[in-house]
Amino acid sequence: MKSVAQSAIRNPGRKTLRQRGFMLVESLVAISIVGTGILAAVVSLSTSSRATVEAREQATAAWVITSQVETIKAAPYVAEPGTYPTITPPEGYTVTNTTSTFEGGDGFIQDVTIEVFRHGELISTVEMVKLNN
């Protein structure tokens with residue numbers, strides 16, 4: 001009876017059953033490693049995409065708030081607490097402002113709260129003080 005080693009030496013192009021099984025295991029391990037790497041890359045891209053959208057929303061909200069603050073500064077003082085004129089925000093955004101009398105003030109100081117929403121969800125809030133000069 002021939003040994004496995006003797007058979008492989010005489011027929012170098014022919015693989016034994018044991019060698020074929022080992023190649024199958026190697027292939028499965030390689031496929032699982034590559035699949036794990038691809039999955040990690042897809043998850044990473046998804047996370048970075050969400051972070052980019054959030055950063056863009058925050059930058060737009062900051063621009064809207066800055067514009068609204070400048071509009072309120074330029075507007076005449078509203079004696080009765082209410083609201084000041086609002087800017088026209090970009091599509092999908094809403095801006096609101098509300099005023100209230102400053103606690104302990106003499107009636108010439110107001111607290112103004114500015115809120116920015118994106119599709120109905122609050123993104124940013126800023127409070128400022130408006131003086132009657």
# chains A, B, ... in the order shown; residues from 1 in each chain; ligands from 1
>>> residues_around(residues="segment 116-125 of chain A", least_positions_apart="2", cutoff="8 Å", atoms="only C-alpha atoms", output="list of chain:residue names")
A:Glu57, A:Gln58, A:Ala61, A:Ala62, A:Val64, A:Ile65, A:Gly92, A:Tyr93, A:Thr94, A:Val95, A:Thr96, A:Thr113, A:Ile114, A:Glu127
>>> write_last_selection(atoms="N, CA and C atoms", output="CSV table (one decimal), in the first residue's frame")
chain,number,residue,atom,x,y,z
A,57,GLU,N,-26.2,70.7,9.5
A,57,GLU,CA,-27.4,71.2,10.2
A,57,GLU,C,-27.0,72.2,11.3
A,58,GLN,N,-25.9,71.9,12.0
A,58,GLN,CA,-25.5,72.8,13.1
A,58,GLN,C,-24.9,74.1,12.5
A,61,ALA,N,-27.9,76.1,11.3
A,61,ALA,CA,-28.6,76.7,12.5
A,61,ALA,C,-27.8,77.9,13.0
A,62,ALA,N,-26.5,77.8,13.1
A,62,ALA,CA,-25.7,78.9,13.6
A,62,ALA,C,-25.8,80.1,12.7
A,64,VAL,N,-28.5,80.8,10.8
A,64,VAL,CA,-29.8,81.3,11.0
A,64,VAL,C,-29.9,82.2,12.3
A,65,ILE,N,-29.3,81.7,13.3
A,65,ILE,CA,-29.3,82.4,14.6
A,65,ILE,C,-28.6,83.7,14.5
A,92,GLY,N,-36.9,73.9,5.0
A,92,GLY,CA,-36.8,72.9,6.0
A,92,GLY,C,-36.5,73.4,7.4
A,93,TYR,N,-36.1,74.7,7.5
A,93,TYR,CA,-35.8,75.3,8.8
A,93,TYR,C,-36.9,76.2,9.2
A,94,THR,N,-37.1,76.4,10.5
A,94,THR,CA,-38.1,77.3,11.0
A,94,THR,C,-37.3,78.1,12.1
A,95,VAL,N,-37.6,79.4,12.2
A,95,VAL,CA,-37.0,80.2,13.3
A,95,VAL,C,-38.1,80.9,14.0
A,96,THR,N,-38.0,80.9,15.4
A,96,THR,CA,-39.0,81.6,16.2
A,96,THR,C,-38.2,82.5,17.2
A,113,THR,N,-35.6,85.0,23.3
A,113,THR,CA,-35.2,83.6,23.0
A,113,THR,C,-35.4,83.3,21.6
A,114,ILE,N,-34.4,82.8,20.9
A,114,ILE,CA,-34.4,82.4,19.5
A,114,ILE,C,-34.3,80.9,19.4
A,127,GLU,N,-30.4,82.7,23.8
A,127,GLU,CA,-31.0,83.8,24.5
A,127,GLU,C,-30.2,85.0,24.4
>>> select_by_dssp(residues="segment 9-110 of chain A", states="strand (DSSP E or B)", output="ChimeraX atom specification")
/A:93-101,109-110
>>> residues_around(residues="Lys130 of chain A", least_positions_apart="6", cutoff="7 Å", atoms="only C-alpha atoms", output="count of residues only")
4
>>> atom_distance(atom1="atom CA of Thr98 of chain A", atom2="atom CA of Pro85 of chain A")
10.3 Å
>>> residues_around(residues="Asp106 of chain A", least_positions_apart="5", cutoff="12 Å", atoms="only C-alpha atoms", output="mmCIF file with C-alpha atoms, in the first residue's frame")
data_model
loop_
_atom_site.group_PDB
_atom_site.id
_atom_site.type_symbol
_atom_site.label_atom_id
_atom_site.label_comp_id
_atom_site.auth_asym_id
_atom_site.auth_seq_id
_atom_site.Cartn_x
_atom_site.Cartn_y
_atom_site.Cartn_z
ATOM 1 C CA ALA A 79 -42.543 97.850 24.289
ATOM 2 C CA THR A 101 -39.510 91.356 30.435
ATOM 3 C CA LEU A 131 -32.174 97.133 25.304
ATOM 4 C CA ASN A 132 -34.446 100.126 24.638
#
>>> select_by_dssp(residues="chain A", states="alpha helix (DSSP H)", output="number ranges by chain")
A: 4-10, 17-74
>>> write_last_selection(atoms="C-alpha atoms", output="PDB file, in the first residue's frame")
ATOM      1  CA  VAL A   4       0.079   9.641   1.066  1.00  0.00           C
ATOM      2  CA  ALA A   5       3.552  11.166   0.764  1.00  0.00           C
ATOM      3  CA  GLN A   6       4.636   8.648  -1.897  1.00  0.00           C
ATOM      4  CA  SER A   7       1.435   9.265  -3.870  1.00  0.00           C
ATOM      5  CA  ALA A   8       1.965  13.062  -3.808  1.00  0.00           C
ATOM      6  CA  ILE A   9       5.560  12.633  -4.986  1.00  0.00           C
ATOM      7  CA  ARG A  10       4.585  10.447  -7.910  1.00  0.00           C
ATOM      8  CA  LEU A  17      -8.506  14.491   0.007  1.00  0.00           C
ATOM      9  CA  ARG A  18      -6.885  15.948   3.121  1.00  0.00           C
ATOM     10  CA  GLN A  19      -5.261  18.756   1.099  1.00  0.00           C
ATOM     11  CA  ARG A  20      -8.543  19.605  -0.629  1.00  0.00           C
ATOM     12  CA  GLY A  21     -10.347  19.872   2.727  1.00  0.00           C
ATOM     13  CA  PHE A  22      -7.621  22.137   4.095  1.00  0.00           C
ATOM     14  CA  MET A  23      -7.943  24.463   1.075  1.00  0.00           C
ATOM     15  CA  LEU A  24     -11.697  24.684   1.675  1.00  0.00           C
ATOM     16  CA  VAL A  25     -11.149  25.735   5.303  1.00  0.00           C
ATOM     17  CA  GLU A  26      -8.555  28.308   4.229  1.00  0.00           C
ATOM     18  CA  SER A  27     -10.979  29.736   1.677  1.00  0.00           C
ATOM     19  CA  LEU A  28     -13.811  30.003   4.202  1.00  0.00           C
ATOM     20  CA  VAL A  29     -11.561  31.777   6.707  1.00  0.00           C
ATOM     21  CA  ALA A  30     -10.336  34.199   4.035  1.00  0.00           C
ATOM     22  CA  ILE A  31     -13.909  34.958   2.905  1.00  0.00           C
ATOM     23  CA  SER A  32     -15.035  35.623   6.477  1.00  0.00           C
ATOM     24  CA  ILE A  33     -12.077  37.959   7.116  1.00  0.00           C
ATOM     25  CA  VAL A  34     -12.742  39.907   3.908  1.00  0.00           C
ATOM     26  CA  GLY A  35     -16.484  40.050   4.697  1.00  0.00           C
ATOM     27  CA  THR A  36     -15.776  41.427   8.171  1.00  0.00           C
ATOM     28  CA  GLY A  37     -13.518  44.085   6.678  1.00  0.00           C
ATOM     29  CA  ILE A  38     -16.146  45.140   4.146  1.00  0.00           C
ATOM     30  CA  LEU A  39     -18.823  45.290   6.859  1.00  0.00           C
ATOM     31  CA  ALA A  40     -16.589  47.512   9.011  1.00  0.00           C
ATOM     32  CA  ALA A  41     -16.002  49.856   6.062  1.00  0.00           C
ATOM     33  CA  VAL A  42     -19.735  50.158   5.351  1.00  0.00           C
ATOM     34  CA  VAL A  43     -20.511  50.915   9.014  1.00  0.00           C
ATOM     35  CA  SER A  44     -17.745  53.530   9.050  1.00  0.00           C
ATOM     36  CA  LEU A  45     -19.120  55.234   5.930  1.00  0.00           C
ATOM     37  CA  SER A  46     -22.623  55.298   7.389  1.00  0.00           C
ATOM     38  CA  THR A  47     -21.397  56.866  10.633  1.00  0.00           C
ATOM     39  CA  SER A  48     -19.341  59.516   8.844  1.00  0.00           C
ATOM     40  CA  SER A  49     -22.279  60.339   6.587  1.00  0.00           C
ATOM     41  CA  ARG A  50     -24.524  60.945   9.610  1.00  0.00           C
ATOM     42  CA  ALA A  51     -21.844  63.100  11.238  1.00  0.00           C
ATOM     43  CA  THR A  52     -21.562  65.196   8.064  1.00  0.00           C
ATOM     44  CA  VAL A  53     -25.324  65.791   7.975  1.00  0.00           C
ATOM     45  CA  GLU A  54     -25.331  66.810  11.653  1.00  0.00           C
ATOM     46  CA  ALA A  55     -22.427  69.200  11.124  1.00  0.00           C
ATOM     47  CA  ARG A  56     -24.190  70.778   8.144  1.00  0.00           C
ATOM     48  CA  GLU A  57     -27.386  71.224  10.191  1.00  0.00           C
ATOM     49  CA  GLN A  58     -25.466  72.832  13.060  1.00  0.00           C
ATOM     50  CA  ALA A  59     -23.656  75.209  10.694  1.00  0.00           C
ATOM     51  CA  THR A  60     -26.932  76.228   9.062  1.00  0.00           C
ATOM     52  CA  ALA A  61     -28.570  76.693  12.475  1.00  0.00           C
ATOM     53  CA  ALA A  62     -25.663  78.914  13.571  1.00  0.00           C
ATOM     54  CA  TRP A  63     -26.060  81.026  10.417  1.00  0.00           C
ATOM     55  CA  VAL A  64     -29.837  81.332  10.980  1.00  0.00           C
ATOM     56  CA  ILE A  65     -29.335  82.371  14.615  1.00  0.00           C
ATOM     57  CA  THR A  66     -26.669  84.934  13.724  1.00  0.00           C
ATOM     58  CA  SER A  67     -28.916  86.428  11.043  1.00  0.00           C
ATOM     59  CA  GLN A  68     -31.882  86.517  13.419  1.00  0.00           C
ATOM     60  CA  VAL A  69     -29.833  88.207  16.169  1.00  0.00           C
ATOM     61  CA  GLU A  70     -28.713  90.884  13.711  1.00  0.00           C
ATOM     62  CA  THR A  71     -32.328  91.425  12.564  1.00  0.00           C
ATOM     63  CA  ILE A  72     -33.509  91.829  16.165  1.00  0.00           C
ATOM     64  CA  LYS A  73     -30.668  94.230  16.987  1.00  0.00           C
ATOM     65  CA  ALA A  74     -31.648  96.403  14.009  1.00  0.00           C
TER      66      ALA A  74
END
